[in-house]
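Contents: one structure, followed by commentary.
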Amino acid sequence: MTPDPALADCLPRLAERHRSGELGDAVYAAAYFLAWQIALHGRRYASRQSKTDPKPEVDAWFPRFVGDGDAALRTALAGAFGCQHFLGVIPNVPVALAAWLRGDWPLTLTTAIPSPAAVLDMQVAGTRPVTVVADYARALKPVLTQANGFAFLVHDLEHAYKFFHDPRSHRAQRRFFGLLREAVRAGRFDAYRRDPVFDDRFDYLMSDMNTHVVHSLRFLGAVLIECLLRREGKGGKEALSAEAEAELVGFLRGLGELWRFPSGAGAALGRLVRGGFGEEEARLIEAAVLAG
């Protein structure tokens, strides 16, 4: 994007206020989001959810970012996120920010991108990182696969919503990530992680996949099959050899034993990648994860 003088002035001030303790983590992240949103879209940055809601006041925010205290900004920002649509941003993002501002979702602000293993630890502990790139010049450049610091923040908030919005799903995800970490610490994936393609996709599973636990396990099964096929020099649509098939079945059985799955859920785990998998198997696996 073209450098914006107002944003270039505002972001360092917000960062300094945060470093000094004037602004808490949630207020800092929410103000950072809104400053970017206004810089990107000007007066079109937001619209009312209802005609009874107050109109967005584009000219009021930048002075508030440098003058209001944490409590006043928290109230104003939470109010805006509760009654406005933001151009180009899915509704999950302001929902996540509002929940963080209220203290409902215990997100963790980071100023450096955490490693996949660190994100895994956070998710086991019941939180997700939200990364704010404080330096303005750096924030204009791509951050991993995202276009800039704003896009990376939005990406993190989208994942926060997926992690927290449904209590049952949240509990199941925490349990699953705990089981995954247990297997990692036991060295169960070491041989496969020597394959750089598998390692990259496994990092994604650990840190960037907030979905139903059965979908996560099916993804794990798929990347294991791909890894075994690459080892045999085969393409993605070819069949595994009998030896590789036996290795896969044994590996999944071993995971079920490590995770103390009951026999029915352990068998269902094997059928994730061998056919015959249906709704009953999904229920068995979800129940085993939640009980773990």
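Please note that chains go A, B, ... in the order of the structure tokens, that every chain numbers its residues from 1, and that ligands are numbered from 1 in the order shown.
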
- Message: Give me, as a ChimeraX atom specification, all polymer residues having an atom no more than 10 Å from Ala183 of chain A, counting only C-alpha atoms and skipping those fewer than 5 positions away in the same chain.
- Response: /A:177-178,188-190,254-255,258-259

- Task: Using only C-alpha atoms, determine which residues lie at most 12 Å from Ala117 of chain A, disregarding the query and same-chain residues fewer than 2 positions distant; provide the list as a list in words.
- Result: Ile113, Pro114, Ser115, Val119, Leu120, Asp121, Met122, Gln123, Val124, Phe177, Gly178, Leu180, Arg181, Val184, Arg185, Asp199, Phe202, Asp203, Tyr204, Leu205, Met206, Ser207 and Asp208 of chain A

I want to know what sits within 8 Å of segment 243-248 of chain A, based on only C-alpha atoms, with residues of the same chain fewer than 2 positions away left out; could you give that as a compact mmCIF listing (two decimals) with C-alpha atoms, in the first residue's frame?
# COMPACT_ATOMS: atom_id res chain seq x y z
CA LEU A 224 1.01 -39.12 6.36
CA ILE A 225 -0.17 -40.95 3.22
CA LEU A 228 4.70 -42.43 2.52
CA LEU A 240 0.57 -47.43 -1.04
CA SER A 241 2.54 -50.63 -1.05
CA GLY A 250 0.43 -49.48 12.86
CA PHE A 251 1.26 -45.83 13.33
CA LEU A 252 -2.38 -44.83 13.77

Give me, as CSV, the closest atom pair and its distance (Å, one decimal) for every residue of segment 90-206 of chain A within a cut-off of 12 Å of segment 39-52 of chain A, counting only C-alpha atoms, rows sorted by chain and rising number.
residue,atom,partner,partner_atom,distance
A:Ile90,CA,A:Ala46,CA,11.9
A:Pro91,CA,A:Gln49,CA,10.8
A:Pro94,CA,A:Ala46,CA,11.3
A:Leu140,CA,A:Leu40,CA,11.7
A:Asn148,CA,A:Leu40,CA,11.9
A:Phe150,CA,A:Leu40,CA,9.9
A:Ala151,CA,A:Leu40,CA,11.4

- Task: Determine, counting only C-alpha atoms, which protein, DNA and RNA residues have an atom within 10 Å of an atom of Phe152 of chain A; residues of the same chain fewer than 3 positions away are not included. Present the result as a VMD selection string.
- Result: chain A and resid 113 130 to 133 139 142 to 149 155 to 158

- Which polymer residues have any atom within 9 Å of an atom of Leu11 of chain A, counting only C-alpha atoms, with same-chain residues fewer than 6 positions away left out, as a list in words? Tyr32, Ala35, Trp36, Ala134, Asp135 and Tyr136 of chain A

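Residues in contact with Asp53 of chain A at 12 Å, where only C-alpha atoms are counted and same-chain residues fewer than 6 positions away are skipped, are listed as A:Ser47, A:Gly79, A:Ala80, A:Phe81, A:Gly82, A:Cys83, A:Gln84, A:His85.
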
If you keep C-alpha atoms, can you produce a file of those selected residues as a PDB file, in the first residue's frame?
ATOM      1  CA  SER A  47     -21.101   1.104   8.109  1.00  0.00           C
ATOM      2  CA  GLY A  79     -19.114  -0.112  21.189  1.00  0.00           C
ATOM      3  CA  ALA A  80     -17.915   0.324  17.611  1.00  0.00           C
ATOM      4  CA  PHE A  81     -17.203  -3.372  17.129  1.00  0.00           C
ATOM      5  CA  GLY A  82     -20.644  -4.212  18.442  1.00  0.00           C
ATOM      6  CA  CYS A  83     -22.627  -2.078  15.994  1.00  0.00           C
ATOM      7  CA  GLN A  84     -20.551  -1.656  12.830  1.00  0.00           C
ATOM      8  CA  HIS A  85     -19.649  -3.649   9.732  1.00  0.00           C
TER       9      HIS A  85
END

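Counting only C-alpha atoms and comparing A:Val66, A:Leu107, A:Leu269, A:Leu290, the residue that lies closest to Ser169 of chain A is A:Leu290.
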
- Task: Rank nothing, just name the residue among A:Ala96, A:Ala6, A:Val89, A:Leu109 nearest to Trp61 of chain A, using only C-alpha atoms.
- Result: A:Ala6
